[in-house]
>>> print(open('my_file38.pdb').read())   # PDB, C-alpha atoms
ATOM      1  CA  MET A  68     -48.621 -61.768 -45.527
ATOM      2  CA  ILE A  69     -49.691 -64.594 -47.793
ATOM      3  CA  ALA A  70     -47.357 -66.410 -50.209
ATOM      4  CA  LYS A  71     -48.853 -68.049 -53.277
ATOM      5  CA  ILE A  72     -46.600 -70.233 -55.376
ATOM      6  CA  GLU A  73     -47.502 -70.309 -59.023
ATOM      7  CA  PRO A  74     -47.252 -73.676 -60.724
ATOM      8  CA  ALA A  75     -44.130 -74.196 -62.809
ATOM      9  CA  VAL A  76     -44.960 -74.909 -66.425
ATOM     10  CA  SER A  77     -42.935 -77.738 -67.927
ATOM     11  CA  PRO A  78     -41.776 -77.739 -71.565
ATOM     12  CA  THR A  79     -44.771 -79.989 -72.338
ATOM     13  CA  GLY A  80     -47.106 -77.319 -71.002
ATOM     14  CA  SER A  81     -48.259 -79.165 -67.893
ATOM     15  CA  ALA A  82     -48.266 -77.279 -64.623
ATOM     16  CA  GLU A  83     -46.729 -78.764 -61.515
ATOM     17  CA  PRO A  84     -47.254 -77.196 -58.093
ATOM     18  CA  GLN A  85     -44.060 -76.394 -56.205
ATOM     19  CA  ASP A  86     -43.213 -75.367 -52.709
ATOM     20  CA  MET A  87     -40.329 -73.531 -51.115
ATOM     21  CA  SER A  88     -38.982 -76.312 -48.908
ATOM     22  CA  PRO A  89     -35.387 -77.325 -49.688
ATOM     23  CA  PRO A  90     -34.978 -80.520 -51.703
ATOM     24  CA  GLU A  91     -34.038 -83.755 -49.950
ATOM     25  CA  ASP A  92     -30.356 -83.784 -49.024
ATOM     26  CA  ARG A  93     -30.433 -80.067 -49.879
ATOM     27  CA  ASP A  94     -29.207 -80.865 -53.373
ATOM     28  CA  PRO A  95     -29.053 -77.513 -55.199
ATOM     29  CA  GLY A  96     -29.502 -79.320 -58.500
ATOM     30  CA  ALA A  97     -33.061 -80.203 -57.464
ATOM     31  CA  TRP A  98     -33.890 -76.507 -56.901
ATOM     32  CA  PRO A  99     -35.018 -74.245 -59.792
ATOM     33  CA  LEU A 100     -32.282 -72.055 -61.258
ATOM     34  CA  LEU A 101     -34.366 -68.960 -60.566
ATOM     35  CA  THR A 102     -37.046 -68.378 -57.935
ATOM     36  CA  LEU A 103     -38.739 -64.982 -57.993
ATOM     37  CA  VAL A 104     -40.451 -63.619 -54.886
ATOM     38  CA  VAL A 105     -42.908 -61.133 -56.371
ATOM     39  CA  GLY A 106     -45.191 -58.563 -54.787
ATOM     40  CA  ALA A 107     -46.121 -54.923 -54.517
ATOM     41  CA  ILE A 108     -44.023 -52.385 -52.626
ATOM     42  CA  ASP A 109     -44.370 -53.057 -48.872
ATOM     43  CA  SER A 110     -46.152 -56.387 -49.424
ATOM     44  CA  GLY A 111     -43.743 -58.310 -47.167
ATOM     45  CA  LYS A 112     -41.319 -59.851 -49.689
ATOM     46  CA  THR A 113     -38.234 -59.207 -47.545
ATOM     47  CA  THR A 114     -39.983 -60.426 -44.388
ATOM     48  CA  PHE A 115     -41.083 -63.563 -46.252
ATOM     49  CA  LEU A 116     -37.485 -64.345 -47.234
ATOM     50  CA  GLN A 117     -36.152 -63.716 -43.722
ATOM     51  CA  ARG A 118     -38.778 -66.080 -42.302
ATOM     52  CA  TRP A 119     -38.018 -68.655 -45.005
ATOM     53  CA  TYR A 120     -34.303 -68.541 -44.155
ATOM     54  CA  ASP A 121     -35.017 -68.693 -40.402
ATOM     55  CA  ALA A 122     -37.192 -71.771 -40.922
ATOM     56  CA  TRP A 123     -34.860 -73.701 -43.253
ATOM     57  CA  GLN A 124     -31.348 -72.332 -42.545
ATOM     58  CA  TRP A 125     -30.432 -72.986 -46.186
ATOM     59  CA  GLY A 126     -28.729 -70.684 -48.649
ATOM     60  CA  ASP A 127     -27.483 -67.193 -47.883
ATOM     61  CA  GLY A 128     -27.459 -63.749 -49.398
ATOM     62  CA  PHE A 129     -28.618 -60.278 -48.552
ATOM     63  CA  LEU A 130     -31.836 -58.463 -47.781
ATOM     64  CA  SER A 131     -32.607 -54.780 -48.352
ATOM     65  CA  VAL A 132     -33.865 -53.667 -44.948
ATOM     66  CA  LYS A 133     -35.487 -50.355 -44.202
ATOM     67  CA  ARG A 134     -33.622 -47.932 -41.983
ATOM     68  CA  PHE A 135     -35.678 -45.686 -39.719
ATOM     69  CA  GLU A 136     -34.881 -42.756 -37.441
ATOM     70  CA  ASP A 137     -37.688 -41.648 -35.123
ATOM     71  CA  SER A 138     -40.139 -43.806 -37.158
ATOM     72  CA  ARG A 139     -39.146 -41.921 -40.344
ATOM     73  CA  LEU A 140     -37.779 -43.929 -43.294
ATOM     74  CA  THR A 141     -34.274 -42.655 -44.005
ATOM     75  CA  GLY A 142     -33.086 -45.288 -46.469
ATOM     76  CA  TYR A 143     -32.047 -48.921 -46.777
ATOM     77  CA  ASP A 144     -29.196 -51.081 -45.544
ATOM     78  CA  LEU A 145     -28.125 -54.410 -46.982
ATOM     79  CA  LYS A 146     -28.086 -57.197 -44.409
ATOM     80  CA  ARG A 147     -26.307 -60.503 -44.856
ATOM     81  CA  ILE A 148     -28.916 -63.067 -43.917
ATOM     82  CA  SER A 149     -26.669 -65.600 -42.173
ATOM     83  CA  THR A 150     -24.704 -63.149 -40.008
ATOM     84  CA  GLY A 151     -26.883 -60.044 -39.648
ATOM     85  CA  GLU A 152     -23.934 -57.882 -40.784
ATOM     86  CA  ARG A 153     -25.203 -54.633 -42.341
ATOM     87  CA  CYS A 154     -23.907 -52.083 -44.814
ATOM     88  CA  PRO A 155     -25.482 -48.782 -45.919
ATOM     89  CA  TRP A 156     -27.073 -49.128 -49.356
ATOM     90  CA  SER A 157     -29.165 -45.984 -49.795
ATOM     91  CA  ARG A 158     -30.304 -42.855 -48.042
ATOM     92  CA  MET A 159     -33.062 -40.444 -48.911
ATOM     93  CA  VAL A 160     -32.220 -36.963 -50.112
ATOM     94  CA  GLY A 161     -31.938 -34.675 -47.105
ATOM     95  CA  GLU A 162     -30.644 -37.427 -44.804
ATOM     96  CA  ASP A 163     -27.101 -37.696 -43.485
ATOM     97  CA  PHE A 164     -24.965 -39.668 -45.955
ATOM     98  CA  GLY A 165     -22.323 -40.275 -43.290
ATOM     99  CA  GLY A 166     -19.584 -38.858 -45.488
ATOM    100  CA  ARG A 167     -20.384 -41.277 -48.326
ATOM    101  CA  GLN A 168     -20.549 -40.113 -51.918
ATOM    102  CA  PRO A 169     -23.730 -41.150 -53.762
ATOM    103  CA  TRP A 170     -23.121 -43.513 -56.669
ATOM    104  CA  ILE A 171     -26.535 -43.786 -58.328
ATOM    105  CA  GLU A 172     -29.690 -41.695 -57.915
ATOM    106  CA  VAL A 173     -33.114 -43.359 -57.961
ATOM    107  CA  GLY A 174     -36.053 -41.095 -57.176
ATOM    108  CA  PRO A 175     -35.555 -39.765 -53.645
ATOM    109  CA  PHE A 176     -32.791 -42.319 -52.889
ATOM    110  CA  ARG A 177     -29.038 -42.069 -53.271
ATOM    111  CA  MET A 178     -27.265 -45.413 -53.525
ATOM    112  CA  PHE A 179     -23.708 -46.025 -52.284
ATOM    113  CA  ARG A 180     -20.989 -47.988 -54.062
ATOM    114  CA  GLU A 181     -19.909 -49.605 -50.775
ATOM    115  CA  GLY A 182     -23.312 -51.335 -50.619
ATOM    116  CA  PHE A 183     -22.766 -52.790 -54.057
ATOM    117  CA  SER A 184     -19.280 -53.975 -53.042
ATOM    118  CA  PHE A 185     -20.772 -55.542 -49.903
ATOM    119  CA  ALA A 186     -23.363 -57.393 -52.025
ATOM    120  CA  ALA A 187     -20.720 -58.531 -54.542
ATOM    121  CA  GLY A 188     -18.622 -59.952 -51.694
ATOM    122  CA  ILE A 189     -21.619 -61.912 -50.409
ATOM    123  CA  VAL A 190     -22.297 -63.324 -53.891
ATOM    124  CA  ASP A 191     -18.656 -64.445 -54.164
ATOM    125  CA  SER A 192     -18.761 -66.018 -50.698
ATOM    126  CA  VAL A 193     -22.068 -67.839 -51.242
ATOM    127  CA  THR A 194     -21.149 -69.201 -54.665
ATOM    128  CA  ALA A 195     -17.738 -70.373 -53.436
ATOM    129  CA  SER A 196     -19.170 -72.141 -50.381
ATOM    130  CA  GLN A 197     -22.107 -73.780 -52.218
ATOM    131  CA  VAL A 198     -24.370 -73.332 -49.139
ATOM    132  CA  GLY A 199     -27.580 -73.363 -51.170
ATOM    133  CA  PRO A 200     -29.420 -70.733 -53.174
ATOM    134  CA  MET A 201     -28.179 -67.151 -53.314
ATOM    135  CA  ILE A 202     -30.833 -64.760 -51.982
ATOM    136  CA  LEU A 203     -30.782 -61.322 -53.644
ATOM    137  CA  ASP A 204     -33.143 -58.580 -52.445
ATOM    138  CA  GLU A 205     -34.051 -56.887 -54.783
ATOM    139  CA  ALA A 206     -34.132 -56.431 -58.562
ATOM    140  CA  GLY A 207     -36.093 -53.355 -59.582
ATOM    141  CA  PRO A 208     -35.883 -50.400 -61.950
ATOM    142  CA  LEU A 209     -32.093 -50.076 -61.480
ATOM    143  CA  GLU A 210     -31.474 -53.657 -62.538
ATOM    144  CA  LEU A 211     -33.852 -53.323 -65.480
ATOM    145  CA  ARG A 212     -31.601 -50.489 -66.698
ATOM    146  CA  GLY A 213     -28.578 -52.793 -66.382
ATOM    147  CA  THR A 214     -27.125 -51.177 -63.248
ATOM    148  CA  GLY A 215     -27.343 -51.899 -59.522
ATOM    149  CA  PHE A 216     -27.313 -55.659 -58.960
ATOM    150  CA  ALA A 217     -27.776 -56.502 -62.686
ATOM    151  CA  PRO A 218     -24.116 -57.576 -63.127
ATOM    152  CA  LEU A 219     -24.418 -59.855 -60.077
ATOM    153  CA  LEU A 220     -27.624 -61.418 -61.414
ATOM    154  CA  LYS A 221     -26.051 -62.025 -64.813
ATOM    155  CA  LYS A 222     -23.038 -63.657 -63.152
ATOM    156  CA  LEU A 223     -25.229 -65.921 -61.004
ATOM    157  CA  LEU A 224     -27.486 -67.024 -63.848
ATOM    158  CA  ALA A 225     -24.623 -67.467 -66.342
ATOM    159  CA  GLY A 226     -22.902 -69.687 -63.768
ATOM    160  CA  ASN A 227     -26.123 -71.696 -63.270
ATOM    161  CA  TYR A 228     -26.097 -70.809 -59.569
ATOM    162  CA  ARG A 229     -29.477 -71.315 -57.894
ATOM    163  CA  THR A 230     -30.843 -67.874 -57.056
ATOM    164  CA  ILE A 231     -33.850 -66.411 -55.226
ATOM    165  CA  VAL A 232     -34.590 -62.832 -56.281
ATOM    166  CA  VAL A 233     -37.101 -60.312 -54.942
ATOM    167  CA  VAL A 234     -38.920 -58.520 -57.790
ATOM    168  CA  ARG A 235     -41.605 -55.861 -57.592
ATOM    169  CA  ASP A 236     -44.813 -56.963 -59.303
ATOM    170  CA  PHE A 237     -44.769 -54.133 -61.862
ATOM    171  CA  CYS A 238     -41.206 -55.121 -62.872
ATOM    172  CA  LEU A 239     -41.871 -58.843 -63.382
ATOM    173  CA  SER A 240     -42.585 -58.895 -67.114
ATOM    174  CA  GLU A 241     -39.576 -56.738 -67.981
ATOM    175  CA  PHE A 242     -37.387 -58.728 -65.557
ATOM    176  CA  LEU A 243     -38.283 -61.975 -67.338
ATOM    177  CA  THR A 244     -37.366 -60.349 -70.666
ATOM    178  CA  ARG A 245     -34.060 -58.911 -69.427
ATOM    179  CA  PHE A 246     -33.044 -62.047 -67.462
ATOM    180  CA  PRO A 247     -34.573 -64.902 -69.475
ATOM    181  CA  THR A 248     -34.493 -68.191 -67.588
ATOM    182  CA  GLU A 249     -36.217 -71.452 -68.399
ATOM    183  CA  ASN A 250     -39.076 -72.284 -66.024
ATOM    184  CA  PRO A 251     -38.493 -69.785 -63.214
ATOM    185  CA  ARG A 252     -40.507 -70.454 -60.068
ATOM    186  CA  ILE A 253     -42.692 -67.484 -59.121
ATOM    187  CA  VAL A 254     -43.819 -66.973 -55.537
ATOM    188  CA  ARG A 255     -46.328 -64.146 -55.055
ATOM    189  CA  VAL A 256     -46.412 -62.404 -51.682
ATOM    190  CA  GLU A 257     -49.474 -60.391 -50.708
ATOM    191  CA  LYS A 258     -50.342 -58.492 -47.567
ATOM    192  CA  ASN A 259     -53.020 -60.008 -45.370
ATOM    193  CA  ARG A 260     -56.176 -58.051 -45.798
TER     194      ARG A 260
END
>>> encode(input="my_file38.pdb", output="structure tokens")
Amino acid sequence: MIAKIEPAVSPTGSAEPQDMSPPEDRDPGAWPLLTLVVGAIDSGKTTFLQRWYDAWQWGDGFLSVKRFEDSRLTGYDLKRISTGERCPWSRMVGEDFGGRQPWIEVGPFRMFREGFSFAAGIVDSVTASQVGPMILDEAGPLELRGTGFAPLLKKLLAGNYRTIVVVRDFCLSEFLTRFPTENPRIVRVEKNR
């Protein structure tokens, strides 16, 4: 996977290259309010963020990790980055829901309320501890409809809490309209060819 960081455009229109290394003294105020990790489905966005966290040990949050059984995708779990703790987030239709009641339906996936509660608890913990940017994987069609993690994103941005969000490339334009933020940093992740 290759990560390309787009230059941030200042209010004067000049572009300044940025990187993803934490600021000196890990001062959150020196970090952009919103960093978007953008790429196609299966381009390596989640892997990029895990590697970034492993390298810098800064911030915290959750990743949406694929769940497989016998090499077959069965759904996604949310994983807290700092602890590895996991919670079921979605399962595909036809898979065992483990007694859980689906909350939201998205294509072949059924999302569970307990996953949302797990994510909300992580947001509360990270913002209270001020450990660095909140990492949220991911904002997609659900969030663009105002559901899923949309309330968490609104809370983070309204509170001026530094946030890194995974966004699918085809959702980027609408995301920027729905969650307007001055000078977001955009990091594009592409598969190695």
>>> residues_around(input="my_file38.pdb", residues="Lys133 in chain A", least_positions_apart="4", cutoff="9 Å", atoms="all atoms listed in the file", output="ChimeraX atom specification")
/A:140-145
>>> atom_distance(input="my_file38.pdb", atom1="CA of Val233 in chain A", atom2="CA of Pro169 in chain A")
23.4 Å
>>> closest_residue(input="my_file38.pdb", among="A:Pro247, A:Pro155, A:Gly111, A:Gly207", to="Phe183 in chain A", atoms="only C-alpha atoms")
A:Pro155
>>> atom_distance(input="my_file38.pdb", atom1="CA of Phe237 in chain A", atom2="CA of Gly106 in chain A")
8.4 Å
>>> closest_residue(input="my_file38.pdb", among="A:Pro218, A:Arg235, A:Lys258, A:Leu130", to="Ala187 in chain A", atoms="all atoms listed in the file")
A:Pro218
>>> residues_around(input="my_file38.pdb", residues="Met178 in chain A", least_positions_apart="5", cutoff="7 Å", atoms="only C-alpha atoms", output="list of chain:residue names")
A:Trp156, A:Ser157, A:Arg158, A:Pro169, A:Trp170, A:Ile171, A:Glu172
>>> write_last_selection(input="my_file38.pdb", atoms="C-alpha atoms", output="tab-separated table (two decimals), in the frame of the given file")
chain	number	residue	atom	x	y	z
A	156	TRP	CA	-27.07	-49.13	-49.36
A	157	SER	CA	-29.16	-45.98	-49.80
A	158	ARG	CA	-30.30	-42.86	-48.04
A	169	PRO	CA	-23.73	-41.15	-53.76
A	170	TRP	CA	-23.12	-43.51	-56.67
A	171	ILE	CA	-26.54	-43.79	-58.33
A	172	GLU	CA	-29.69	-41.70	-57.92
>>> residues_near_point(input="my_file38.pdb", point="(-25.6, -64.0, -51.6)", cutoff="6 Å", atoms="all atoms listed in the file", output="compact mmCIF listing (two decimals) with C-alpha atoms, keeping the file's coordinate frame")
# COMPACT_ATOMS: atom_id res chain seq x y z
CA ASP A 127 -27.48 -67.19 -47.88
CA GLY A 128 -27.46 -63.75 -49.40
CA PHE A 129 -28.62 -60.28 -48.55
CA ILE A 189 -21.62 -61.91 -50.41
CA VAL A 190 -22.30 -63.32 -53.89
CA VAL A 193 -22.07 -67.84 -51.24
CA MET A 201 -28.18 -67.15 -53.31
CA ILE A 202 -30.83 -64.76 -51.98
>>> atom_distance(input="my_file38.pdb", atom1="CA of Pro251 in chain A", atom2="CA of Arg153 in chain A")
29.0 Å
>>> residues_around(input="my_file38.pdb", residues="Asp191 in chain A", least_positions_apart="3", cutoff="10 Å", atoms="all atoms listed in the file", output="ChimeraX atom specification")
/A:186-188,194-196,201,219,223
>>> write_last_selection(input="my_file38.pdb", atoms="C-alpha atoms", output="mmCIF file, in the frame of the given file")
data_model
loop_
_atom_site.group_PDB
_atom_site.id
_atom_site.type_symbol
_atom_site.label_atom_id
_atom_site.label_comp_id
_atom_site.auth_asym_id
_atom_site.auth_seq_id
_atom_site.Cartn_x
_atom_site.Cartn_y
_atom_site.Cartn_z
ATOM 1 C CA ALA A 186 -23.363 -57.393 -52.025
ATOM 2 C CA ALA A 187 -20.720 -58.531 -54.542
ATOM 3 C CA GLY A 188 -18.622 -59.952 -51.694
ATOM 4 C CA THR A 194 -21.149 -69.201 -54.665
ATOM 5 C CA ALA A 195 -17.738 -70.373 -53.436
ATOM 6 C CA SER A 196 -19.170 -72.141 -50.381
ATOM 7 C CA MET A 201 -28.179 -67.151 -53.314
ATOM 8 C CA LEU A 219 -24.418 -59.855 -60.077
ATOM 9 C CA LEU A 223 -25.229 -65.921 -61.004
#
>>> closest_residue(input="my_file38.pdb", among="A:Ser131, A:Glu249, A:Ser240, A:Ala107", to="Phe216 in chain A", atoms="only C-alpha atoms")
A:Ser131
>>> closest_residue(input="my_file38.pdb", among="A:Pro175, A:Gly215, A:Gly151, A:Pro200", to="Trp125 in chain A", atoms="all atoms listed in the file")
A:Pro200
>>> closest_residue(input="my_file38.pdb", among="A:Met87, A:Ile148, A:Leu203, A:Leu116", to="Val232 in chain A", atoms="only C-alpha atoms")
A:Leu203
>>> resolve_selection(input="my_file38.pdb", expression="the PyMOL selection byres ((chain A and resi 99-105) around 8)", output="PyMOL selection string")
chain A and resi 96-98+106-107+112+224+227-236+239+248+250-256
>>> closest_residue(input="my_file38.pdb", among="A:Gln117, A:Phe176, A:Arg167, A:Glu136", to="Ser149 in chain A", atoms="only C-alpha atoms")
A:Gln117
>>> axis_aligned_box(input="my_file38.pdb", around="range 193-201 of chain A", padding_each_side="3 Å", output="lines of an AutoDock Vina configuration file")
center_x = -23.6
center_y = -70.5
center_z = -51.9
size_x = 17.7
size_y = 12.6
size_z = 11.5
>>> build_atoms(input="my_file38.pdb", residues="range 187-212 of chain A", atoms="N, CA and C atoms", output="short mmCIF file (atom, residue, chain, number, x, y, z; two decimals), in the coordinates of the input")
data_model
loop_
_atom_site.label_atom_id
_atom_site.label_comp_id
_atom_site.auth_asym_id
_atom_site.auth_seq_id
_atom_site.Cartn_x
_atom_site.Cartn_y
_atom_site.Cartn_z
N ALA A 187 -21.58 -57.73 -53.66
CA ALA A 187 -20.72 -58.53 -54.54
C ALA A 187 -19.87 -59.50 -53.72
N GLY A 188 -19.40 -59.07 -52.57
CA GLY A 188 -18.62 -59.95 -51.69
C GLY A 188 -19.46 -61.11 -51.18
N ILE A 189 -20.73 -60.85 -50.88
CA ILE A 189 -21.62 -61.91 -50.41
C ILE A 189 -21.86 -62.92 -51.53
N VAL A 190 -22.09 -62.42 -52.75
CA VAL A 190 -22.30 -63.32 -53.89
C VAL A 190 -21.07 -64.22 -54.07
N ASP A 191 -19.88 -63.64 -54.02
CA ASP A 191 -18.66 -64.44 -54.16
C ASP A 191 -18.55 -65.49 -53.06
N SER A 192 -18.85 -65.11 -51.84
CA SER A 192 -18.76 -66.02 -50.70
C SER A 192 -19.77 -67.16 -50.81
N VAL A 193 -21.01 -66.83 -51.16
CA VAL A 193 -22.07 -67.84 -51.24
C VAL A 193 -21.78 -68.82 -52.38
N THR A 194 -21.40 -68.30 -53.53
CA THR A 194 -21.15 -69.20 -54.66
C THR A 194 -19.93 -70.08 -54.42
N ALA A 195 -18.94 -69.57 -53.73
CA ALA A 195 -17.74 -70.37 -53.44
C ALA A 195 -18.03 -71.47 -52.42
N SER A 196 -18.91 -71.17 -51.45
CA SER A 196 -19.17 -72.14 -50.38
C SER A 196 -20.27 -73.14 -50.73
N GLN A 197 -21.05 -72.87 -51.78
CA GLN A 197 -22.11 -73.78 -52.22
C GLN A 197 -23.07 -74.12 -51.07
N VAL A 198 -23.51 -73.11 -50.30
CA VAL A 198 -24.37 -73.33 -49.14
C VAL A 198 -25.86 -73.46 -49.49
N GLY A 199 -26.19 -73.34 -50.75
CA GLY A 199 -27.58 -73.36 -51.17
C GLY A 199 -27.86 -72.15 -52.02
N PRO A 200 -29.11 -71.83 -52.26
CA PRO A 200 -29.42 -70.73 -53.17
C PRO A 200 -28.94 -69.38 -52.66
N MET A 201 -28.56 -68.53 -53.60
CA MET A 201 -28.18 -67.15 -53.31
C MET A 201 -29.46 -66.33 -53.26
N ILE A 202 -29.65 -65.59 -52.18
CA ILE A 202 -30.83 -64.76 -51.98
C ILE A 202 -30.44 -63.31 -52.25
N LEU A 203 -31.12 -62.68 -53.22
CA LEU A 203 -30.78 -61.32 -53.64
C LEU A 203 -32.04 -60.46 -53.55
N ASP A 204 -32.00 -59.47 -52.70
CA ASP A 204 -33.14 -58.58 -52.44
C ASP A 204 -32.71 -57.14 -52.75
N GLU A 205 -33.05 -56.55 -53.82
CA GLU A 205 -34.05 -56.89 -54.78
C GLU A 205 -33.61 -56.45 -56.17
N ALA A 206 -34.34 -56.88 -57.19
CA ALA A 206 -34.13 -56.43 -58.56
C ALA A 206 -35.32 -55.56 -58.92
N GLY A 207 -35.04 -54.31 -59.25
CA GLY A 207 -36.09 -53.36 -59.58
C GLY A 207 -35.69 -52.51 -60.77
N PRO A 208 -36.16 -51.27 -60.81
CA PRO A 208 -35.88 -50.40 -61.95
C PRO A 208 -34.39 -50.24 -62.26
N LEU A 209 -33.55 -50.18 -61.24
CA LEU A 209 -32.09 -50.08 -61.48
C LEU A 209 -31.58 -51.26 -62.29
N GLU A 210 -31.95 -52.44 -61.88
CA GLU A 210 -31.47 -53.66 -62.54
C GLU A 210 -32.04 -53.78 -63.95
N LEU A 211 -33.25 -53.29 -64.15
CA LEU A 211 -33.85 -53.32 -65.48
C LEU A 211 -33.13 -52.37 -66.43
N ARG A 212 -32.43 -51.39 -65.88
CA ARG A 212 -31.60 -50.49 -66.70
C ARG A 212 -30.19 -51.03 -66.86
#
